[in-house]
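Structure first, then comments.
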Amino acid sequence: MLTRNIRIEEDLVDQLLNSTEKRLARALLLLAHYGQPTTHRELPTVSQEVLAEMVGTTRSRVNFS
């Protein structure tokens, strides 16, 4: 539960202080589990619409970034 609360706080700070490009980069890194030890990484298939909802912007802005 503590990990979940930390993640929620990080998401809130990210939304308030970072640009769309930085929020998108962070979301992509989180989806890729970047920095976590794994032997094989498989990226999930995510549409631009879903990415836009994750970072709080429009699909066209995600496409532009």
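By order of appearance in the structure tokens: chains A, B, ..., then residues from 1 within every chain, and ligands from 1 in the order shown.
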Residues at most 7 Å from range 13-25 of chain A, counting only C-alpha atoms, excluding those fewer than 4 positions away in the same chain, as a ChimeraX atom specification?
/A:9,29,55,65
Name the residues of chain A that come out as alpha helix (DSSP H) in a backbone DSSP run; write them as a short mmCIF file (atom, residue, chain, number, x, y, z; two decimals) with C-alpha atoms, in the first residue's frame.
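Once everything was written out, this is part.cif:
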```cif
data_model
loop_
_atom_site.label_atom_id
_atom_site.label_comp_id
_atom_site.auth_asym_id
_atom_site.auth_seq_id
_atom_site.Cartn_x
_atom_site.Cartn_y
_atom_site.Cartn_z
CA LEU A 2 2.91 2.33 0.73
CA THR A 3 4.33 1.71 -2.75
CA ARG A 4 0.96 2.56 -4.27
CA ASN A 5 0.74 5.83 -2.31
CA ILE A 6 4.26 6.81 -3.36
CA ARG A 7 3.39 6.14 -7.00
CA ILE A 8 0.22 8.25 -6.73
CA GLU A 9 2.19 11.14 -5.20
CA GLU A 10 4.81 10.87 -7.95
CA ASP A 11 2.06 10.92 -10.59
CA LEU A 12 0.51 14.03 -9.06
CA VAL A 13 3.82 15.90 -8.92
CA ASP A 14 4.56 14.79 -12.48
CA GLN A 15 1.19 16.10 -13.68
CA LEU A 16 1.60 19.45 -11.94
CA LEU A 17 5.24 20.25 -12.67
CA THR A 20 3.72 16.87 -21.75
CA GLU A 21 6.91 15.49 -23.27
CA LYS A 22 8.40 14.64 -19.88
CA ARG A 23 5.16 13.03 -18.70
CA LEU A 24 5.02 10.95 -21.88
CA ALA A 25 8.65 9.87 -21.49
CA ARG A 26 8.02 8.85 -17.87
CA ALA A 27 4.91 6.88 -18.83
CA LEU A 28 6.80 5.02 -21.54
CA LEU A 29 9.66 4.21 -19.17
CA LEU A 30 7.21 2.92 -16.56
CA LEU A 31 5.47 0.75 -19.16
CA GLN A 48 -1.85 6.87 -28.75
CA GLU A 49 -5.28 7.44 -27.22
CA VAL A 50 -4.38 5.39 -24.14
CA LEU A 51 -1.01 7.15 -23.81
CA ALA A 52 -2.78 10.50 -24.06
CA GLU A 53 -5.15 9.54 -21.25
CA MET A 54 -2.23 8.37 -19.13
CA VAL A 55 -0.38 11.68 -19.40
CA ARG A 59 -3.79 12.10 -28.98
CA SER A 60 -2.49 14.68 -31.43
CA ARG A 61 -0.07 16.01 -28.80
CA VAL A 62 1.23 12.48 -28.14
CA ASN A 63 1.67 12.01 -31.88
CA PHE A 64 3.56 15.32 -32.10
#
```
Å distance separating CA of Thr58 in chain A from CA of Gln36 in chain A, one decimal place:
29.2 Å
